[in-house]
Amino acid sequence: MNDRPCVSRPLFSADPLNATRVEHKTYTLNLEGKTFTVELNNWAEQAHGSVLVRVGDTVVLATAVMNYHAREGGGDFFPLSVDYEEKFYATGKILGSRFVKRETRPSEEAILVSRLIDRSIRPRFDMRIRNEVQVIITVLSIDEKNDPDVPALLGASLALSLSDIPWLGPIAGIRVGKPRTADGKPSNEFVLNPTYEEREGADLDVIVSGTSDRINMIEAGANEMPEQEFASAIEWGFEFIKQSIEFQQKIIADHAVTKREVQMTPRSPELSKLLAQDFMATIEEAMYGAQAHNKKIVHSAIADAKETWMKKAEESYPDTFTKAEGNLLFEEAINDIVHKRIIEKGERPDGRKPDELRPLHVSTGLLPRTHGSGLFMRGETHVLSLLTLGGPGDQHIVEGMEVRTKKRFMHHYNFPPFSVGESKPMRGPGRREIGHGALAGRALLPLIPSKDEFPYTIRLVSEVLSSNGSSSMASVCGSSLALMQGGVPIKKAAGGAAMGLMLNEKGDYKVLTDIQGPEDHHGDMDFKAAGTRDGITAVQMDVKIEGITPAMLRDTLIDAHKCRMKILDAMDAVISEPNKELSPWAPRIEIIKINPEKIGSLIGPGGKVINEIIAQTGVQIDIDDDGTVFITSSQEEGMKEAIAAVKQITREIKAGELIEGKVTRILNFGAMVEIGPRQDGLVHVSELAPWHVENVTDILNIGDKVTVKVKDIDDQGRVNLTLKDVPGRYSEEDVARHRDEGGSRRHDDDRRHGGAHDQRRGRR
């Protein structure tokens, strides 16, 4: 047995046992009353960079590692991966399914945070690096108030900055919220890094990252916020990003690390000269030729030009040429051509003006059995969105580290390989599909009616049939159409498009409306903005440059608003309000309010009662704790039967009420009649008839179906019934006959038994 006492040491406190092995260092930053604590220690000693970051009781470990050798074959992109690891133990709960009690594949929330961090840090790397870099954020503790994503951004930045990995950091991220007041009214105040509770129902929830003078990532959901107010929120939060950057720079200065020398993809002056002299005109013709509006033709022309270039380069410099260098120079040539022609001449590859939208096509009601459908086509981007309605029981149950809830609104996005003319294995949704689906869902969420208004579970699926830029925003448009065509009473239509940016070394720039493939790939910004005529509902931005200025942001928002109005005009011309009727193939929901105390009677022991109703009628029944019962069915007859059964089971018995029941027991002083599931009442012998009844079985027998009247309900909830007061049961002739027949007999009995019979009549 180990007799050594157990010593508990608080996190981020000096540890004398470790003092000889590692310099324990702690730094703190206070932002608007919240304290961020950064600890440097030797926990992840083998990682190339690691830090612990804490805010409240939320703690994350951020690590960064870079392989010492470049990826074999080089490849044509920088191999960065970011993994955000949710750990159930961080919540102090044992989560998971019945059979699997450990973390498996990342949740959608984890994937979204991984993407958010990736988009923030990626622009600060030299894209010529071919060594694999991995950033892992492990959530060690969560207090269910402070979201780990902002500490994770801080941790990722510092782990990279304090490592020997070549990186142009630091960056910082903050969250800006605009919560509602306690009485649910809009607020005029922005809140920095709001808690989960403050974010619930907020008019704005946006996370922003950037450098000390540029914004390089935005992820936002809003409740129809005007563009100018949205820009003000970003600018307000940007001041705190600067403070976080200063904080990190002090830490980095205390722990200066020499960055590793990495062999990057070269740029040979000889090859660059060969490309400029012999191939620049060919590439420009492929990009800006007569058929530049056709994606297939452009891809084919560029592929041919690239193949010719690669052969020529290898023949000219067989000893030094590499495919990685050839690819890099070719891509940079396209990038230079596109930037120059757009910034200097306003010429886009497909001939459009910088603020011009591609041709639109809108249609609805395309499929016979779906509950709603909408097809939105913008240029070569075509998205078909489908609506399915279900009962409350079809909600998506989410049980994760951060989120444990039920979702009655879902949007899913599919991007099959044929949509871009490729052949790839179909292996379920990847990070891109999850990210785009969540973005479109966030854009639509403020428009979805409440459960009280529309109790259905709503699922939308957007199928990208053809893609050439901004398919996520086309999903917003297509889904809005499907909702309206399906009769979902949404408040108004939503639409969106992606905006781009071309920036040169002089600082000259052009904002581009509705970017497509080449402008996205070779441009400097992808800014997706969705909303209604009254304001923004979602924004997502990432860049390939250091970032954008607040002025660039405001210009982009202005152009995005103009673009959205044109899109909504086209949508309104086809369908401007929701259909009044649901699809005949959609289920119907009836709502019944019952006494919450009757819920147990409706469910029955082990669910027996409710399951019998479901089996007999084919309906779906869902019950809320407040006594609201939702009955969902596609069959009218089954619906009627289920409603009748629920009403019968949960009816409130009242004095004077007539009820049809069944005799279940015969007693010497009366009969028990079942008047509802698990509920019966007594017909005392004196209430069987308006005359003296000697034997209960003279009037009732077990199994008889009989109409009874509720005489009263005593203070213990026992129901007393009567037969003699049921209208029409006994005629005056019946009463007179039994009085004449029974009078003399009762007189003889009384003389023999001394009135004992009358005493028995009062006994129960």
# chains A, B, ... in the order shown; residues from 1 in each chain; ligands from 1
>>> select_by_dssp(residues="stretch 350-599 of chain A", states="helix (DSSP H, G or I)", output="ChimeraX atom specification")
/A:392-394,417-420,431-447,471-485,517-522,550-572,596-599
>>> write_last_selection(atoms="C-alpha atoms", output="PDB file, in the first residue's frame")
ATOM      1  CA  PRO A 392     -41.856  16.574 -32.892  1.00  0.00           C
ATOM      2  CA  GLY A 393     -40.485  13.094 -32.234  1.00  0.00           C
ATOM      3  CA  ASP A 394     -38.309  13.355 -35.355  1.00  0.00           C
ATOM      4  CA  PRO A 417     -18.132  14.842 -57.277  1.00  0.00           C
ATOM      5  CA  PHE A 418     -20.133  15.088 -60.511  1.00  0.00           C
ATOM      6  CA  SER A 419     -21.044  18.665 -59.545  1.00  0.00           C
ATOM      7  CA  VAL A 420     -17.503  19.708 -60.514  1.00  0.00           C
ATOM      8  CA  ARG A 431     -15.597  18.896 -43.372  1.00  0.00           C
ATOM      9  CA  ARG A 432     -16.535  21.066 -46.329  1.00  0.00           C
ATOM     10  CA  GLU A 433     -20.056  19.645 -46.535  1.00  0.00           C
ATOM     11  CA  ILE A 434     -20.614  20.033 -42.800  1.00  0.00           C
ATOM     12  CA  GLY A 435     -19.273  23.581 -42.812  1.00  0.00           C
ATOM     13  CA  HIS A 436     -21.340  24.727 -45.787  1.00  0.00           C
ATOM     14  CA  GLY A 437     -24.461  23.000 -44.450  1.00  0.00           C
ATOM     15  CA  ALA A 438     -24.096  24.701 -41.076  1.00  0.00           C
ATOM     16  CA  LEU A 439     -23.558  28.108 -42.697  1.00  0.00           C
ATOM     17  CA  ALA A 440     -26.737  27.861 -44.785  1.00  0.00           C
ATOM     18  CA  GLY A 441     -28.657  26.520 -41.785  1.00  0.00           C
ATOM     19  CA  ARG A 442     -27.500  29.467 -39.676  1.00  0.00           C
ATOM     20  CA  ALA A 443     -28.679  31.858 -42.387  1.00  0.00           C
ATOM     21  CA  LEU A 444     -32.183  30.354 -42.363  1.00  0.00           C
ATOM     22  CA  LEU A 445     -32.627  29.787 -38.623  1.00  0.00           C
ATOM     23  CA  PRO A 446     -33.937  33.301 -37.738  1.00  0.00           C
ATOM     24  CA  LEU A 447     -36.760  32.819 -40.259  1.00  0.00           C
ATOM     25  CA  SER A 471     -22.917  26.799 -53.640  1.00  0.00           C
ATOM     26  CA  SER A 472     -23.507  27.379 -49.914  1.00  0.00           C
ATOM     27  CA  MET A 473     -25.254  30.671 -50.641  1.00  0.00           C
ATOM     28  CA  ALA A 474     -27.227  29.036 -53.458  1.00  0.00           C
ATOM     29  CA  SER A 475     -28.319  26.506 -50.807  1.00  0.00           C
ATOM     30  CA  VAL A 476     -29.761  29.366 -48.749  1.00  0.00           C
ATOM     31  CA  CYS A 477     -31.756  30.528 -51.765  1.00  0.00           C
ATOM     32  CA  GLY A 478     -32.937  27.054 -52.783  1.00  0.00           C
ATOM     33  CA  SER A 479     -33.914  26.178 -49.210  1.00  0.00           C
ATOM     34  CA  SER A 480     -35.862  29.398 -48.811  1.00  0.00           C
ATOM     35  CA  LEU A 481     -37.795  28.526 -51.963  1.00  0.00           C
ATOM     36  CA  ALA A 482     -38.465  24.969 -50.734  1.00  0.00           C
ATOM     37  CA  LEU A 483     -39.766  26.238 -47.395  1.00  0.00           C
ATOM     38  CA  MET A 484     -42.192  28.633 -49.061  1.00  0.00           C
ATOM     39  CA  GLN A 485     -43.358  26.131 -51.647  1.00  0.00           C
ATOM     40  CA  GLY A 517     -14.245  29.340 -59.414  1.00  0.00           C
ATOM     41  CA  PRO A 518     -11.158  31.213 -60.718  1.00  0.00           C
ATOM     42  CA  GLU A 519     -11.951  34.353 -58.710  1.00  0.00           C
ATOM     43  CA  ASP A 520     -12.313  32.283 -55.563  1.00  0.00           C
ATOM     44  CA  HIS A 521      -9.196  30.192 -56.169  1.00  0.00           C
ATOM     45  CA  HIS A 522      -6.963  33.051 -57.288  1.00  0.00           C
ATOM     46  CA  PRO A 550     -12.532  47.819 -41.776  1.00  0.00           C
ATOM     47  CA  ALA A 551     -12.941  50.015 -44.871  1.00  0.00           C
ATOM     48  CA  MET A 552     -12.731  46.992 -47.163  1.00  0.00           C
ATOM     49  CA  LEU A 553     -15.297  45.244 -44.951  1.00  0.00           C
ATOM     50  CA  ARG A 554     -17.779  48.099 -45.270  1.00  0.00           C
ATOM     51  CA  ASP A 555     -17.343  48.257 -49.052  1.00  0.00           C
ATOM     52  CA  THR A 556     -17.933  44.519 -49.288  1.00  0.00           C
ATOM     53  CA  LEU A 557     -21.086  44.698 -47.152  1.00  0.00           C
ATOM     54  CA  ILE A 558     -22.522  47.473 -49.345  1.00  0.00           C
ATOM     55  CA  ASP A 559     -21.980  45.481 -52.541  1.00  0.00           C
ATOM     56  CA  ALA A 560     -23.276  42.288 -50.895  1.00  0.00           C
ATOM     57  CA  HIS A 561     -26.507  44.066 -49.950  1.00  0.00           C
ATOM     58  CA  LYS A 562     -27.085  45.243 -53.529  1.00  0.00           C
ATOM     59  CA  CYS A 563     -26.429  41.745 -54.813  1.00  0.00           C
ATOM     60  CA  ARG A 564     -28.831  40.179 -52.304  1.00  0.00           C
ATOM     61  CA  MET A 565     -31.639  42.542 -53.268  1.00  0.00           C
ATOM     62  CA  LYS A 566     -31.350  41.460 -56.914  1.00  0.00           C
ATOM     63  CA  ILE A 567     -31.430  37.802 -55.912  1.00  0.00           C
ATOM     64  CA  LEU A 568     -34.493  38.305 -53.704  1.00  0.00           C
ATOM     65  CA  ASP A 569     -36.248  40.150 -56.551  1.00  0.00           C
ATOM     66  CA  ALA A 570     -35.767  37.092 -58.768  1.00  0.00           C
ATOM     67  CA  MET A 571     -37.012  34.754 -56.036  1.00  0.00           C
ATOM     68  CA  ASP A 572     -40.048  36.911 -55.226  1.00  0.00           C
ATOM     69  CA  PRO A 596     -50.115  17.467 -16.879  1.00  0.00           C
ATOM     70  CA  GLU A 597     -51.290  15.174 -14.075  1.00  0.00           C
ATOM     71  CA  LYS A 598     -52.890  12.992 -16.761  1.00  0.00           C
ATOM     72  CA  ILE A 599     -49.614  12.367 -18.608  1.00  0.00           C
TER      73      ILE A 599
END
>>> residues_around(residues="A:Lys340", least_positions_apart="5", cutoff="9 Å", atoms="only C-alpha atoms", output="MDAnalysis selection string")
chainID A and resid 335 345:347 502 504
>>> select_by_dssp(residues="stretch 54-181 of chain A", states="strand (DSSP E or B)", output="PyMOL selection string")
chain A and resi 54-55+58-70+80-85+131-141+172-177
>>> closest_atom_pairs(of="stretch 218-252 of chain A", to="stretch 96-119 of chain A", cutoff="12 Å", atoms="only C-alpha atoms", output="CSV")
residue,atom,partner,partner_atom,distance
A:Ile218,CA,A:Leu116,CA,8.5
A:Glu219,CA,A:Leu116,CA,7.7
A:Ala220,CA,A:Leu116,CA,11.2
>>> write_last_selection(atoms="C-alpha atoms", output="compact mmCIF listing (two decimals), in the first residue's frame")
# COMPACT_ATOMS: atom_id res chain seq x y z
CA ILE A 218 -15.40 36.07 -39.66
CA GLU A 219 -18.06 33.53 -38.68
CA ALA A 220 -21.42 35.10 -37.81
>>> closest_residue(among="A:Asp76, A:Gly703, A:Lys273, A:Val685", to="A:Arg665", atoms="only C-alpha atoms")
A:Gly703
>>> residues_around(residues="stretch 616-621 of chain A", least_positions_apart="5", cutoff="7 Å", atoms="only C-alpha atoms", output="PDB file with C-alpha atoms, in the first residue's frame")
ATOM      1  CA  VAL A 629     -49.832  16.356 -26.869  1.00  0.00           C
ATOM      2  CA  PHE A 630     -48.759  16.305 -30.541  1.00  0.00           C
ATOM      3  CA  ILE A 631     -50.416  13.671 -32.730  1.00  0.00           C
ATOM      4  CA  THR A 632     -48.744  13.245 -36.121  1.00  0.00           C
ATOM      5  CA  SER A 633     -50.239  11.143 -38.911  1.00  0.00           C
ATOM      6  CA  GLY A 638     -55.879   6.980 -37.800  1.00  0.00           C
ATOM      7  CA  MET A 639     -55.629  10.581 -36.670  1.00  0.00           C
ATOM      8  CA  GLU A 641     -59.048   7.397 -33.744  1.00  0.00           C
ATOM      9  CA  ALA A 642     -55.936   8.549 -31.895  1.00  0.00           C
TER      10      ALA A 642
END
>>> closest_residue(among="A:Asp712, A:Glu453, A:Glu657, A:Asp626", to="A:Val726", atoms="only C-alpha atoms")
A:Glu657
>>> decode(residues="stretch 276-292 of chain A", atoms="C-alpha atoms", output="CSV table (one decimal), in the first residue's frame")
chain,number,residue,atom,x,y,z
A,276,ALA,CA,6.7,34.9,-68.8
A,277,GLN,CA,8.1,34.9,-72.3
A,278,ASP,CA,6.6,31.8,-73.9
A,279,PHE,CA,3.4,31.0,-72.0
A,280,MET,CA,1.8,34.1,-70.4
A,281,ALA,CA,-0.2,35.0,-73.5
A,282,THR,CA,-1.5,31.4,-73.8
A,283,ILE,CA,-2.6,31.3,-70.2
A,284,GLU,CA,-4.3,34.7,-70.5
A,285,GLU,CA,-6.2,33.5,-73.6
A,286,ALA,CA,-7.3,30.4,-71.7
A,287,MET,CA,-8.6,32.6,-68.9
A,288,TYR,CA,-10.1,35.5,-70.8
A,289,GLY,CA,-10.9,34.0,-74.2
A,290,ALA,CA,-14.2,34.0,-76.0
A,291,GLN,CA,-15.5,31.0,-74.1
A,292,ALA,CA,-14.4,32.2,-70.6
